[in-house]
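Data block for run.tsv (TSV, C-alpha atoms):
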chain	number	residue	atom	x	y	z
A	1	MET	CA	6.37	27.45	-24.62
A	2	PRO	CA	6.24	30.84	-22.90
A	3	GLU	CA	9.54	32.25	-21.76
A	4	ARG	CA	9.87	33.14	-18.08
A	5	ARG	CA	11.18	36.57	-17.22
A	6	GLY	CA	12.50	38.16	-14.05
A	7	ALA	CA	14.15	36.69	-10.96
A	8	ALA	CA	13.18	33.23	-9.74
A	9	ARG	CA	13.52	31.28	-6.54
A	10	VAL	CA	15.66	28.21	-7.04
A	11	GLY	CA	15.91	25.33	-4.62
A	12	VAL	CA	18.91	23.00	-4.80
A	13	VAL	CA	18.45	19.63	-3.07
A	14	ILE	CA	21.52	17.62	-2.08
A	15	PRO	CA	21.09	14.14	-0.54
A	16	VAL	CA	23.96	13.46	1.85
A	17	TYR	CA	25.19	10.07	3.04
A	18	GLN	CA	28.74	9.76	4.33
A	19	ASN	CA	29.90	12.80	2.31
A	20	ALA	CA	31.64	14.87	5.00
A	21	PRO	CA	34.92	15.41	3.03
A	22	SER	CA	33.24	16.87	-0.07
A	23	LEU	CA	30.64	19.12	1.60
A	24	PRO	CA	32.83	22.25	2.15
A	25	ASP	CA	33.95	22.25	-1.50
A	26	LEU	CA	30.38	21.66	-2.69
A	27	ALA	CA	29.04	24.52	-0.56
A	28	ALA	CA	31.71	26.86	-1.95
A	29	ARG	CA	30.88	25.94	-5.56
A	30	LEU	CA	27.17	26.40	-4.91
A	31	ALA	CA	27.82	29.84	-3.40
A	32	ARG	CA	29.76	30.88	-6.52
A	33	LEU	CA	26.97	29.48	-8.67
A	34	ALA	CA	24.40	31.63	-6.85
A	35	GLU	CA	26.47	34.72	-7.63
A	36	THR	CA	26.68	33.73	-11.30
A	37	CYS	CA	22.90	33.31	-11.55
A	38	ALA	CA	21.91	36.60	-9.87
A	39	PRO	CA	19.27	38.05	-9.53
A	40	ASN	CA	17.77	34.60	-8.93
A	41	THR	CA	17.60	33.71	-5.23
A	42	PHE	CA	18.88	30.33	-4.07
A	43	GLU	CA	18.13	27.96	-1.23
A	44	PHE	CA	20.39	24.96	-0.60
A	45	VAL	CA	18.58	22.06	1.07
A	46	PHE	CA	20.98	19.40	2.33
A	47	VAL	CA	19.26	16.18	3.43
A	48	ASP	CA	21.31	14.10	5.85
A	49	ASP	CA	20.25	10.49	5.22
A	50	GLY	CA	21.50	8.93	8.44
A	51	SER	CA	25.21	9.65	7.92
A	52	ARG	CA	27.63	8.36	10.56
A	53	ASP	CA	30.80	10.12	9.42
A	54	GLY	CA	30.26	13.61	10.82
A	55	SER	CA	28.42	14.96	7.77
A	56	LEU	CA	25.75	16.51	9.98
A	57	ASP	CA	28.33	18.42	12.03
A	58	VAL	CA	29.92	19.75	8.84
A	59	LEU	CA	26.53	20.86	7.53
A	60	ALA	CA	25.63	22.55	10.82
A	61	ALA	CA	28.89	24.52	10.68
A	62	LEU	CA	28.33	25.49	7.04
A	63	SER	CA	24.81	26.70	7.80
A	64	LYS	CA	26.19	29.22	10.32
A	65	GLY	CA	27.97	31.12	7.58
A	66	ASP	CA	25.32	30.95	4.87
A	67	PRO	CA	21.62	31.70	5.56
A	68	ARG	CA	20.70	30.01	2.26
A	69	ILE	CA	21.65	26.62	3.68
A	70	ARG	CA	18.96	24.51	5.31
A	71	VAL	CA	19.68	21.03	6.64
A	72	VAL	CA	17.00	18.35	6.89
A	73	LYS	CA	18.02	15.49	9.18
A	74	LEU	CA	16.28	12.15	8.58
A	75	ALA	CA	15.78	9.81	11.53
A	76	ARG	CA	17.76	7.03	9.83
A	77	ASN	CA	19.06	5.97	6.43
A	78	PHE	CA	16.06	5.74	4.09
A	79	GLY	CA	17.95	5.68	0.77
A	80	SER	CA	18.82	8.30	-1.83
A	81	ASN	CA	15.38	8.42	-3.49
A	82	ALA	CA	13.65	9.06	-0.16
A	83	ALA	CA	16.25	11.69	0.75
A	84	ILE	CA	15.71	13.54	-2.53
A	85	LEU	CA	11.92	13.42	-2.01
A	86	ALA	CA	12.38	14.83	1.50
A	87	GLY	CA	14.44	17.66	0.00
A	88	LEU	CA	11.87	18.30	-2.74
A	89	ALA	CA	9.15	18.53	-0.09
A	90	ALA	CA	11.22	20.99	1.96
A	91	ALA	CA	12.43	23.17	-0.93
A	92	ASP	CA	10.53	26.35	-1.65
A	93	GLY	CA	11.37	27.39	-5.18
A	94	ASP	CA	9.90	28.07	-8.58
A	95	ALA	CA	12.36	25.46	-9.84
A	96	VAL	CA	14.09	22.72	-7.85
A	97	VAL	CA	17.36	20.99	-8.75
A	98	ALA	CA	18.65	17.72	-7.29
A	99	VAL	CA	22.40	17.05	-7.43
A	100	ALA	CA	24.67	14.53	-5.69
A	101	ALA	CA	27.03	15.58	-2.91
A	102	ASP	CA	30.15	13.78	-4.16
A	103	LEU	CA	30.99	16.39	-6.87
A	104	GLN	CA	31.11	13.84	-9.65
A	105	ASP	CA	28.27	15.83	-11.22
A	106	PRO	CA	29.26	19.48	-11.86
A	107	PRO	CA	26.88	21.88	-10.05
A	108	GLU	CA	27.89	24.60	-12.55
A	109	LEU	CA	25.66	22.83	-15.08
A	110	ILE	CA	22.71	24.31	-13.16
A	111	VAL	CA	23.29	27.56	-15.11
A	112	ASP	CA	22.36	25.85	-18.38
A	113	MET	CA	19.53	23.96	-16.73
A	114	LEU	CA	18.00	27.20	-15.50
A	115	ARG	CA	18.33	28.67	-18.98
A	116	LEU	CA	16.30	25.83	-20.47
A	117	TRP	CA	13.76	26.09	-17.65
A	118	GLY	CA	13.51	29.81	-18.35
A	119	GLU	CA	12.61	28.94	-21.96
A	120	GLY	CA	9.62	26.99	-20.68
A	121	ARG	CA	10.85	23.41	-20.09
A	122	LYS	CA	9.32	21.85	-16.99
A	123	VAL	CA	11.89	19.05	-16.73
A	124	VAL	CA	15.60	19.31	-17.51
A	125	LEU	CA	17.79	16.22	-17.24
A	126	ALA	CA	21.57	16.22	-16.99
A	127	ALA	CA	22.33	12.92	-18.74
A	128	ARG	CA	25.70	11.22	-18.58
A	129	ARG	CA	27.61	11.11	-21.86
A	130	SER	CA	30.42	9.14	-20.23
A	131	ARG	CA	31.40	8.16	-16.71
A	132	ARG	CA	34.83	7.57	-15.19
A	133	ASP	CA	33.79	4.93	-12.67
A	134	PRO	CA	35.25	1.47	-11.95
A	135	LEU	CA	34.74	-1.08	-14.72
A	136	LEU	CA	32.25	-3.18	-12.75
A	137	THR	CA	30.14	-0.11	-11.96
A	138	ARG	CA	30.08	0.93	-15.62
A	139	ALA	CA	29.21	-2.59	-16.76
A	140	LEU	CA	26.35	-2.99	-14.27
A	141	ALA	CA	25.02	0.48	-15.14
A	142	ALA	CA	25.11	-0.31	-18.86
A	143	VAL	CA	23.11	-3.51	-18.35
A	144	PHE	CA	20.61	-1.79	-16.06
A	145	TYR	CA	19.87	1.11	-18.39
A	146	PHE	CA	19.70	-1.13	-21.46
A	147	LEU	CA	17.10	-3.35	-19.80
A	148	PHE	CA	15.19	-0.41	-18.32
A	149	ARG	CA	14.97	1.32	-21.70
A	150	ARG	CA	13.98	-1.93	-23.40
A	151	PHE	CA	11.37	-3.20	-20.94
A	152	ALA	CA	10.20	-0.22	-18.84
A	153	ILE	CA	10.57	3.41	-20.01
A	154	ARG	CA	12.04	3.97	-23.46
A	155	THR	CA	12.70	7.69	-22.88
A	156	MET	CA	15.34	6.98	-20.22
A	157	PRO	CA	18.69	8.46	-21.42
A	158	ALA	CA	21.05	5.73	-22.60
A	159	LYS	CA	23.48	6.19	-19.68
A	160	GLY	CA	20.88	7.36	-17.17
A	161	PHE	CA	20.67	10.44	-14.97
A	162	ASP	CA	20.60	11.40	-11.30
A	163	PHE	CA	20.99	15.17	-11.78
A	164	PHE	CA	17.83	17.02	-12.76
A	165	LEU	CA	15.74	20.17	-12.56
A	166	VAL	CA	11.94	20.18	-12.23
A	167	ASP	CA	9.40	22.97	-12.34
A	168	ARG	CA	7.37	23.65	-9.20
A	169	ARG	CA	4.34	21.90	-10.70
A	170	VAL	CA	6.34	18.74	-11.42
A	171	ARG	CA	7.88	18.93	-7.96
A	172	ASP	CA	4.40	19.05	-6.40
A	173	LEU	CA	3.33	16.01	-8.42
A	174	LEU	CA	6.41	14.02	-7.37
A	175	VAL	CA	5.96	14.87	-3.70
A	176	GLY	CA	2.28	13.92	-3.93
A	177	ILE	CA	2.96	10.39	-5.23
A	178	GLN	CA	2.66	8.18	-2.16
A	179	GLU	CA	4.71	5.20	-3.28
A	180	ASN	CA	7.27	3.35	-1.19
A	181	ASN	CA	10.48	2.12	-2.83
A	182	ALA	CA	9.83	4.57	-5.65
A	183	TYR	CA	12.39	4.86	-8.42
A	184	LEU	CA	12.38	8.64	-8.59
A	185	MET	CA	14.09	8.97	-11.99
A	186	GLY	CA	11.51	6.65	-13.49
A	187	LEU	CA	8.68	8.66	-11.94
A	188	ILE	CA	9.99	11.88	-13.49
A	189	LEU	CA	9.83	10.30	-16.95
A	190	TRP	CA	6.55	8.50	-16.22
A	191	LEU	CA	4.80	11.83	-15.56
A	192	GLY	CA	5.11	12.53	-19.27
A	193	PHE	CA	6.54	16.05	-19.43
A	194	ALA	CA	8.91	16.16	-22.40
A	195	PRO	CA	12.36	16.70	-20.87
A	196	ALA	CA	15.19	18.82	-22.16
A	197	VAL	CA	18.43	16.84	-21.99
A	198	LEU	CA	21.90	18.22	-21.32
A	199	GLU	CA	24.78	15.78	-21.76
A	200	TYR	CA	27.93	15.95	-19.66
A	201	ASP	CA	30.93	13.79	-18.76
A	202	ARG	CA	30.69	12.43	-15.23
A	203	ALA	CA	33.94	12.97	-13.36
A	204	GLU	CA	35.84	10.36	-11.41
A	205	ARG	CA	35.32	10.46	-7.67
A	206	GLU	CA	38.33	12.15	-6.08
A	207	ALA	CA	40.21	10.07	-3.51
A	208	ARG	CA	40.10	12.88	-0.95
A	209	TYR	CA	36.29	12.63	-0.92
A	210	GLY	CA	36.38	9.05	0.32
A	211	ALA	CA	34.88	5.86	-1.09
A	212	SER	CA	31.35	5.61	-2.40
A	213	ALA	CA	28.73	4.15	-0.04
A	214	TRP	CA	26.84	2.84	-3.08
A	215	THR	CA	27.53	-0.86	-2.39
A	216	PHE	CA	26.84	-3.84	-4.65
A	217	TRP	CA	23.80	-4.89	-2.60
A	218	ARG	CA	22.37	-1.35	-2.70
A	219	LYS	CA	22.70	-1.48	-6.49
A	220	CYS	CA	20.91	-4.83	-6.57
A	221	LYS	CA	18.00	-3.45	-4.52
A	222	TYR	CA	17.89	-0.38	-6.77
A	223	PHE	CA	17.74	-2.66	-9.82
A	224	VAL	CA	14.89	-4.77	-8.41
A	225	ASP	CA	12.88	-1.77	-7.14
A	226	SER	CA	13.13	-0.05	-10.53
A	227	PHE	CA	11.85	-3.01	-12.54
A	228	VAL	CA	9.11	-4.00	-10.10
A	229	ALA	CA	7.83	-0.41	-10.09
A	230	PHE	CA	7.74	0.11	-13.86
A	231	SER	CA	7.76	-3.22	-15.65
A	232	TYR	CA	5.96	-6.58	-15.64
A	233	MET	CA	8.96	-8.04	-17.47
A	234	PRO	CA	10.13	-10.23	-14.52
A	235	LEU	CA	6.65	-11.77	-14.24
A	236	ARG	CA	6.50	-12.33	-18.00
A	237	LEU	CA	9.93	-13.99	-17.95
A	238	ALA	CA	8.81	-16.23	-15.08
A	239	SER	CA	5.76	-17.28	-17.12
A	240	LEU	CA	7.89	-17.96	-20.20
A	241	LEU	CA	10.35	-19.96	-18.12
A	242	GLY	CA	7.46	-22.03	-16.77
A	243	LEU	CA	6.21	-22.73	-20.30
A	244	ALA	CA	9.71	-23.68	-21.43
A	245	VAL	CA	10.10	-26.12	-18.52
A	246	VAL	CA	6.69	-27.68	-19.23
A	247	ALA	CA	7.55	-28.06	-22.93
A	248	PHE	CA	10.91	-29.63	-22.11
A	249	ALA	CA	9.34	-32.02	-19.59
A	250	PHE	CA	6.61	-33.05	-22.05
A	251	ALA	CA	9.13	-33.67	-24.85
A	252	TYR	CA	11.37	-35.64	-22.48
A	253	ALA	CA	8.41	-37.77	-21.37
A	254	LEU	CA	7.56	-38.58	-24.99
A	255	VAL	CA	11.14	-39.63	-25.69
A	256	VAL	CA	11.23	-41.88	-22.63
A	257	LEU	CA	7.86	-43.42	-23.54
A	258	TYR	CA	8.93	-44.08	-27.14
A	259	LEU	CA	12.22	-45.70	-26.14
A	260	SER	CA	10.51	-47.87	-23.56
A	261	LEU	CA	7.62	-49.10	-25.73
A	262	PHE	CA	9.15	-49.38	-29.19
A	263	ARG	CA	12.88	-49.80	-28.65
A	264	GLY	CA	12.90	-51.87	-25.55
A	265	PHE	CA	15.39	-49.55	-23.84
A	266	PRO	CA	15.26	-49.56	-20.06
A	267	VAL	CA	14.02	-46.31	-18.54
A	268	GLY	CA	16.86	-44.16	-17.24
A	269	GLY	CA	17.48	-44.28	-13.56
A	270	TRP	CA	18.55	-41.92	-10.82
A	271	ALA	CA	20.60	-39.44	-12.90
A	272	SER	CA	17.84	-38.54	-15.37
A	273	LEU	CA	15.23	-38.38	-12.61
A	274	MET	CA	17.34	-36.00	-10.52
A	275	LEU	CA	18.08	-33.82	-13.55
A	276	VAL	CA	14.38	-33.25	-14.25
A	277	LEU	CA	13.55	-32.84	-10.57
A	278	LEU	CA	16.25	-30.22	-10.01
A	279	LEU	CA	15.33	-28.33	-13.17
A	280	VAL	CA	11.63	-28.16	-12.35
A	281	SER	CA	12.17	-27.41	-8.65
A	282	GLY	CA	14.68	-24.66	-9.39
A	283	SER	CA	12.31	-23.05	-11.89
A	284	GLN	CA	9.46	-23.13	-9.38
A	285	ILE	CA	11.58	-21.52	-6.68
A	286	LEU	CA	12.75	-18.83	-9.10
A	287	MET	CA	9.17	-18.01	-10.12
A	288	LEU	CA	8.06	-17.92	-6.48
A	289	GLY	CA	10.88	-15.47	-5.78
A	290	VAL	CA	9.75	-13.17	-8.58
A	291	LEU	CA	6.16	-13.28	-7.34
A	292	GLY	CA	7.41	-12.64	-3.81
A	293	GLU	CA	9.16	-9.43	-4.88
A	294	TYR	CA	5.90	-8.05	-6.29
A	295	LEU	CA	3.81	-9.24	-3.34
A	296	TRP	CA	6.24	-7.74	-0.82
A	297	ARG	CA	6.03	-4.36	-2.47
A	298	ASN	CA	2.24	-4.58	-2.55
A	299	LEU	CA	2.33	-5.29	1.19
A	300	GLU	CA	4.54	-2.25	1.78
A	301	GLU	CA	2.11	-0.04	-0.16
A	302	THR	CA	-0.91	-1.25	1.85
A	303	ARG	CA	0.86	-0.51	5.13
A	304	ARG	CA	1.05	3.18	4.16
A	305	ARG	CA	4.20	3.78	6.18
A	306	PRO	CA	5.89	7.13	5.54
A	307	ARG	CA	8.62	7.12	2.92
A	308	TYR	CA	10.94	8.97	5.28
A	309	VAL	CA	10.88	10.48	8.76
A	310	VAL	CA	12.30	13.96	9.37
A	311	GLU	CA	13.88	14.19	12.80
A	312	SER	CA	14.92	17.84	12.75
A	313	THR	CA	16.00	20.79	10.63
A	314	ILE	CA	19.04	23.02	11.03
A	315	ARG	CA	19.32	26.71	10.10
A	316	ASP	CA	22.15	29.02	11.09
A	317	GLY	CA	23.66	26.21	13.18
A	318	ARG	CA	20.51	25.83	15.32
A	319	GLU	CA	18.67	22.51	15.30
A	320	THR	CA	14.88	22.48	15.56
A	321	PRO	CA	12.95	19.22	16.09
A	322	ALA	CA	10.45	18.40	13.35
A	323	GLY	CA	6.98	19.76	13.96
A	324	GLU	CA	8.05	22.72	16.08
Rewrite the coordinates I just gave you, this time as structure tokens.
Amino acid sequence: MPERRGAARVGVVIPVYQNAPSLPDLAARLARLAETCAPNTFEFVFVDDGSRDGSLDVLAALSKGDPRIRVVKLARNFGSNAAILAGLAAADGDAVVAVAADLQDPPELIVDMLRLWGEGRKVVLAARRSRRDPLLTRALAAVFYFLFRRFAIRTMPAKGFDFFLVDRRVRDLLVGIQENNAYLMGLILWLGFAPAVLEYDRAEREARYGASAWTFWRKCKYFVDSFVAFSYMPLRLASLLGLAVVAFAFAYALVVLYLSLFRGFPVGGWASLMLVLLLVSGSQILMLGVLGEYLWRNLEETRRRPRYVVESTIRDGRETPAGE
């Protein structure tokens, strides 16, 4: 691949949701990073995803002292993937980086990411080598990435990634994909550009930065959205479950018929009937639920609603409504 030379414009996108305590430290580390990477020019695009903890006020104050900071305010909470896409659409750079606001992912790694991009890589992933999160979080993440690698996209790093750099061309492709409930990390791999992978150890979230807003139910929705978008595995499992139930019911019917005709045993009563009824009914409801998840997402796609709504932008402490 051809090596890029000379200064580049670099956009750094930071989705923000209830991250007020960590934002001043993050802004300071990004400012030091920009000095380290001179003569490249940086733009820091913070996307406020409906925060209610004063994050927007902190960002407005930070923007007064640093002209590189731009704040995109979404009309409500649309989710981290939508917030990153809003930042990608707003960023104006030859390369664009997305990094979380909680400082569990080290922004200093951007130096190495830019080096690999400069060598011609269009996608650079910062993949977790280890993570110092609560046990339940680590266990759920391990199951998710194992299943996603097995049944959806095999090139997904074993412990996943949320921290990445994309070339301007890849950024344009991602912004142009009009898909609601998109799993952005899956889309990056789905595009097919061979990624360079940097491994790092994800830090523990510091207590002074508050608790994570990434709740159990948000993780469940993330899990479902990811598989529905990139895998037919849930539908295939539903079909296999249906076949298994039919086979079990047929075998059970043969046993009952044999015992009744040739052994003279009385046919079982209420208990056996309820067992079969509950098993079959439960399987049917489960399969209807799986089909419903796919149908609901098809309905959302046909509605063509926007993936996010930008309410305003802030530069130098001044807020400007979207469209003006």
Residues near Arg315 of chain A, cut-off 10 Å, all atoms listed in the file, skip fewer than 4 positions along chain, as an MDAnalysis selection string:
chainID A and resid 59:64 66:72 319:320
Can you tell me, as a list of chain:residue names, what residues are no more than 9 Å from segment 56-58 of chain A when counting only C-alpha atoms, ignoring any on the same chain fewer than 4 positions away?
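Counting only the stated atoms, we get A:Val16, A:Ala20, A:Pro21, A:Leu23, A:Pro24, A:Asp48, A:Gly50, A:Ser51, A:Arg52, A:Leu62, A:Ser63, A:Val71, A:Lys73.
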How close does each residue of segment 44-112 of chain A get to segment 206-224 of chain A, giving the shortest atom pair and distance in Å to one decimal for every residue with an atom at most 12 Å away, counting all atoms listed in the file, sorted by chain and residue number, as CSV?
residue,atom,partner,partner_atom,distance
A:Asp49,CA,A:Ala213,CA,11.8
A:Ser51,CA,A:Ala213,CA,10.3
A:Arg52,CA,A:Ala213,CA,11.5
A:Asp53,CA,A:Gly210,CA,10.7
A:Ser55,CA,A:Tyr209,CA,12.0
A:Asn77,CA,A:Ala213,CA,11.8
A:Phe78,CA,A:Arg218,CA,11.7
A:Gly79,CA,A:Arg218,CA,9.0
A:Ser80,CA,A:Trp214,CA,9.8
A:Asn81,CA,A:Tyr222,CA,9.7
A:Ala100,CA,A:Ser212,CA,11.6
A:Ala101,CA,A:Tyr209,CA,9.9
A:Asp102,CA,A:Tyr209,CA,7.0
A:Leu103,CA,A:Glu206,CA,8.5
A:Gln104,CA,A:Glu206,CA,8.2
A:Asp105,CA,A:Glu206,CA,11.9
Between atom CA of Phe144 of chain A and atom CA of Arg304 of chain A, what distance in Å does the model show, to one decimal?
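Between atom CA of Phe144 of chain A and atom CA of Arg304 of chain A the gap is 28.6 Å.
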Between atom CA of Ile177 of chain A and atom CA of Phe42 of chain A, what is the distance, to one decimal in Å?
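Interatomic distance, atom CA of Ile177 of chain A to atom CA of Phe42 of chain A: 25.5 Å.
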Report, in Å with one decimal, the straight-line distance from atom CA of Leu165 of chain A to atom CA of Val47 of chain A.
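If I compute the distance from atom CA of Leu165 of chain A to atom CA of Val47 of chain A, I get 16.9 Å.
The shortest atom-to-atom distance to Val166 of chain A, with only C-alpha atoms taken into account, belongs to A:Ala91 out of A:Ala27, A:Ala142, A:Ala34, A:Ala91.
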Which residues are close to Tyr308 of chain A, i.e. within 9 Å by all atoms listed in the file, leaving aside same-chain residues fewer than 5 positions away? Reply as an MDAnalysis selection string.
chainID A and resid 74:79 82:83 85:86
Output C-alpha atoms for every residue in the selection just made, as a PDB file, in the coordinates of the input.
ATOM      1  CA  LEU A  74      16.280  12.150   8.580  1.00  0.00           C
ATOM      2  CA  ALA A  75      15.780   9.810  11.530  1.00  0.00           C
ATOM      3  CA  ARG A  76      17.760   7.030   9.830  1.00  0.00           C
ATOM      4  CA  ASN A  77      19.060   5.970   6.430  1.00  0.00           C
ATOM      5  CA  PHE A  78      16.060   5.740   4.090  1.00  0.00           C
ATOM      6  CA  GLY A  79      17.950   5.680   0.770  1.00  0.00           C
ATOM      7  CA  ALA A  82      13.650   9.060  -0.160  1.00  0.00           C
ATOM      8  CA  ALA A  83      16.250  11.690   0.750  1.00  0.00           C
ATOM      9  CA  LEU A  85      11.920  13.420  -2.010  1.00  0.00           C
ATOM     10  CA  ALA A  86      12.380  14.830   1.500  1.00  0.00           C
TER      11      ALA A  86
END
Centre and size of axis-aligned box enclosing segment 177-187 of chain A plus 6 Å each side, as AutoDock Vina command-line options:
--center_x 8.4 --center_y 6.3 --center_z -7.3 --size_x 23.4 --size_y 20.3 --size_z 24.3
Of the listed residues A:Leu114, A:Ala229, A:Leu135, A:Leu277, that which approaches Asn181 of chain A most closely, counting all atoms listed in the file
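Distance minimum relative to Asn181 of chain A lands on A:Ala229.
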Shell around Asp201 of chain A at 10 Å using only C-alpha atoms, local window under 5 positions removed, as a ChimeraX atom specification:
/A:104-106,126-132
Would you kindly return, as a ChimeraX atom specification, each protein, DNA or RNA residue with an atom no farther than 8 Å from any atom of Ala7 of chain A, considering all atoms listed in the file and excluding same-chain residues fewer than 4 positions away?
/A:38-41
For C-alpha atoms, I'd like the residues from the last selection saved as a short mmCIF file (atom, residue, chain, number, x, y, z; two decimals), in the frame of the given file.
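Resulting contents of selection05.cif:
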data_model
loop_
_atom_site.label_atom_id
_atom_site.label_comp_id
_atom_site.auth_asym_id
_atom_site.auth_seq_id
_atom_site.Cartn_x
_atom_site.Cartn_y
_atom_site.Cartn_z
CA ALA A 38 21.91 36.60 -9.87
CA PRO A 39 19.27 38.05 -9.53
CA ASN A 40 17.77 34.60 -8.93
CA THR A 41 17.60 33.71 -5.23
#
Can you work out which one of A:Val10, A:Arg303, A:Arg32, A:Val197 has the shortest atom-to-atom distance to Gln178 of chain A, counting only C-alpha atoms?
A:Arg303
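Using all atoms listed in the file, the smallest distance between any of A:Asp225, A:Glu199, A:Glu300, A:Asp94 and Asp172 of chain A comes from A:Asp94.
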Counting only C-alpha atoms, the residue of A:Phe230, A:Trp117, A:Tyr17, A:Phe46 that sits nearest Phe151 of chain A:
A:Phe230
